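Engineer: Have a look at the structure that comes next, please.
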Amino acid sequence: MSKVQPVLEIEDVTVVYDSPSGPVQAVSDVNLTVYPGTIVGLIGESGSGKSTLANAIMRLLRGNARLTKGQIRVMGTDIYALSKRELRTFRWSRMSMVFQSAMTALNPVMTVEKQIVDTFRSHRPQMSVKEAKERARDLLRLVRIDEKHLRSFPHELSGGMRQRVVIAIAIALEPQLVIMDEPTTALDVVVQRSILNQIQELQAERGFAILFISHDFSLVTEIASRVAIMYAGRMVENTEAKVLLPEVDHHPYTEGLMRAIPRLTYEDVVIEGIQGHPPDLIDLPSGCAYSPRCPYATAACMEIRPTLHRLSHATIECHLYSPTKEGDSEWPAKQLLYKSTT
Ligand SMILES: Nc1ncnc2c1ncn2[C@@H]1O[C@H](COP(=O)(O)OP(=O)(O)O)[C@@H](O)[C@H]1O
Ligand SMILES: [Mg+2]
């Protein structure tokens with residue numbers, strides 16, 4: 001079998017923001033691979049480093065942010081080795097991004113048609129205006145917006161329509177990778193649902209890969225086949241989505257997220273949140289960043305940073321899954337709290 005080339009390879013990536021109080025380690029030693037035509041979810045609480053990682057992939061880190069370690073390759077190309085000119089062609093035609101706020105992604109004083117036409121014309125200078133306009137109409141049809149809105153300005157559209165336009169622009173040049181950073185968070189639940197369905201349809205039809213970022217656990221598990229979980233800048237777990245079940249072994253933070261989803265029982269809706277707060281990214285603990293909130297944590301967890309352990313369904317950065325834990329009373333054990341499934 002020939003080896004499939006990943007669309008995205010993130011290796012040991014660390015991103016730091018310089019701040020007056022010291023360096024903020026927003027992304028630490030992150031590894032992630034996305035294969036063609038797949039949807040990978042990226043979950044984490046607000047402030048866990050998701051957008052920073054997305055911006056790093058797009059090479060859109062600004063001002064006080066720096067990639068201090070690691071490599072990011074898209075279709076085998078090291079994004080940080082490209083010249084500014086090469087990067088301009090690469091962005092949007094190979095990889096694109098849908099930002100959370102459609103209003104900031106769109107130009108408020110340009111019609112929808114002009115924005116789409118400009119996208120084509122700036123990347124495909126040989127394309128005629130006539131053809132670009134035809135393509136703009138096709139794209140709107142694809143995202144199910146009436147073509148009369150080609151002449152609309154962003155503020156004349158509903159939030160859902162604006163986000164559809166942003167998605168249309170993101171896929172206009174047929175990139176292999178589309179990063180969607182909380183693409184539906186600003187929208188109400190009904191619109192959110194319809195856009196999510198639309199994203200799935202477009203993805204199935206066009207075959208691009210998606211890195212789907214959200215803080216909404218149930219949304220991500222619904223759309224993605226694999227899910228990466230970030231906590232305090234670290235990717236603490238990377239798992240198949242279909243095994244995100246209470247009876248399967250996961251990172252304690254993942255377990256907490258699963259329990260935090262409202263569950264409908266016979267009596268009532270049960271929501272168990274995770275106690276405590278994420279750590280200060282300027283002063284990260286030497287051990288596991290999650291240990292202060294972790295129900296299994298031992299003294300060793302507070303001091304020694306866990307490494308990634310490869311299980312059959314997931315890779316998990318937690319001492320619980322350390323193969324040396326047998327007979328070593330310092331490592332945490334699941335049996336203490338829940339019945340072990342292994
Ligand atoms: N410009 C900045 N300067 C300093 N710290 C920042 C800046 N932007 C973000 N951060 C810090 O980086 C962390 C990760 O932010 P972000 O990537 O936006 O998280 P998420 O998208 O998961 O909510 C946050 O804790 C935030 O405090
Ligand atoms: Mg964000």
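Numbering starts fresh at 1 for the residues of each chain in the structure tokens, the chains themselves are lettered A, B, ... in the order given, and ligands are numbered from 1 as they appear.
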Would you mind listing the residues within 9 Å of ligand 1, counting only C-alpha atoms and all ligand atoms, as a PyMOL selection string?
Structural biologist: chain A and resi 15-20+23-27+43-55+62-65+181-182+213-215+230-233+278+280-281
Engineer: Leu150 in chain A: which residues within 10 Å, counting only C-alpha atoms, same-chain residues fewer than 5 positions away excluded, as a PyMOL selection string?
Structural biologist: chain A and resi 111-116+133+136-137+140+145+165
Engineer: Enumerate the residues of range 91-195 of chain A with a DSSP assignment of helix (DSSP H, G or I), computed from the backbone, and present them as a ChimeraX atom specification.
Structural biologist: /A:91-93,102-105,112-123,129-142,147-151,154-156,159-171,189-195
Engineer: Neighbouring residues of Ile223 in chain A were defined as those with any atom within 9 Å, considering only C-alpha atoms; residues of the same chain fewer than 2 positions away were excluded. Please report them as number ranges by chain.
Structural biologist: A: 39-41, 196-197, 200, 212, 218-221, 225, 241
Engineer: May I ask which of the residues A:Phe153, A:Ile169, A:Thr68, A:Glu9 is the closest one to Asp118 in chain A, counting only C-alpha atoms?
Structural biologist: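 That would be A:Ile169, the residue with the smallest distance to Asp118 in chain A.
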Engineer: Go through A:Val166, A:Cys288, A:Leu8, A:Met127 and flag the residue nearest Thr38 in chain A, using only C-alpha atoms for the distances.
Structural biologist: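 Using only C-alpha atoms, the shortest distance to Thr38 in chain A belongs to A:Leu8.
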Engineer: Mind checking which residues fall within 10 Å of Arg91 in chain A, counting only C-alpha atoms, ignoring those fewer than 6 positions away in the same chain, and posting them as a list in words?
Structural biologist: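 Counting only C-alpha atoms, the residues come to Met58, Arg59, Ile79, Met97, His123, Ala170, Leu173, Pro175 and Leu177 of chain A.
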Engineer: Please produce a file of the residues just selected, as a CSV table (one decimal), in the first residue's frame, where the atoms kept are N, CA and C atoms.
Structural biologist:
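Written output follows (again-v4.csv):
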chain,number,residue,atom,x,y,z
A,58,MET,N,-1.5,28.8,9.5
A,58,MET,CA,-1.7,29.7,8.3
A,58,MET,C,-0.6,30.7,8.2
A,59,ARG,N,0.4,30.6,9.1
A,59,ARG,CA,1.5,31.6,9.2
A,59,ARG,C,0.9,33.0,9.3
A,79,ILE,N,5.7,25.4,5.8
A,79,ILE,CA,5.0,26.7,5.6
A,79,ILE,C,6.0,27.9,6.0
A,97,MET,N,-8.7,29.4,5.7
A,97,MET,CA,-9.2,29.4,7.1
A,97,MET,C,-10.6,30.2,7.1
A,123,HIS,N,-5.6,35.4,-7.2
A,123,HIS,CA,-4.9,34.1,-7.3
A,123,HIS,C,-4.8,33.5,-8.7
A,170,ALA,N,-13.6,30.6,1.3
A,170,ALA,CA,-12.5,29.7,1.8
A,170,ALA,C,-12.3,28.5,0.9
A,173,LEU,N,-10.9,28.5,-4.1
A,173,LEU,CA,-9.7,28.1,-4.8
A,173,LEU,C,-9.4,26.6,-4.6
A,175,PRO,N,-8.8,24.5,-1.9
A,175,PRO,CA,-7.7,24.1,-1.1
A,175,PRO,C,-7.9,22.7,-0.6
A,177,LEU,N,-6.8,21.8,2.4
A,177,LEU,CA,-7.0,21.9,3.9
A,177,LEU,C,-7.8,23.2,4.2
Engineer: Looking only at strand (DSSP E or B) from DSSP on the backbone, list the matching residues of range 79-316 of chain A as a PyMOL selection string.
Structural biologist: chain A and resi 95-98+177-181+209-214+226-231+234-240+263-264+269-270+308-310+314-316
Engineer: Tell me which of A:Gly207, A:Gly256, A:Pro183, A:Pro332 sits closest to ligand 2, counting only C-alpha atoms and all ligand atoms.
Structural biologist: A:Pro183
Engineer: What lies within 12 Å of range 311-314 of chain A using only C-alpha atoms, ignoring chain neighbours under 3 positions off, as a VMD selection string?
Structural biologist: chain A and resid 225 to 229 235 to 245 248 to 251 254 308 317 to 318 320 to 323 342
Engineer: Could you pull the residues within 10 Å of Val129 in chain A, counting only C-alpha atoms, minus those fewer than 6 positions along the same chain, as a ChimeraX atom specification?
Structural biologist: /A:117-118,120-121,135
Engineer: Mind checking which residues fall within 8 Å of Gly287 in chain A, counting only C-alpha atoms, ignoring those fewer than 4 positions away in the same chain, and posting them as a PyMOL selection string?
Structural biologist: chain A and resi 291+300-306
Engineer: When you count only C-alpha atoms and all ligand atoms, which of these residues is closest to ligand 2: A:Asn107, A:Ser101, A:Ser194, A:Leu139?
Structural biologist: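 Under the stated criterion, the closest residue is A:Ser101.
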Engineer: Which one of A:Met103, A:Leu67, A:Ile167, A:Val143 sits closest to Ser28 in chain A if you count only C-alpha atoms?
Structural biologist: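 Closest to Ser28 in chain A of all the choices is A:Leu67.
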Engineer: Between A:Arg124, A:Met180, A:Thr104, A:Thr119, which has the minimum distance to ligand 2 (counting only C-alpha atoms and all ligand atoms)?
Structural biologist: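 Checking each candidate against ligand 2, we get A:Met180 as the closest.
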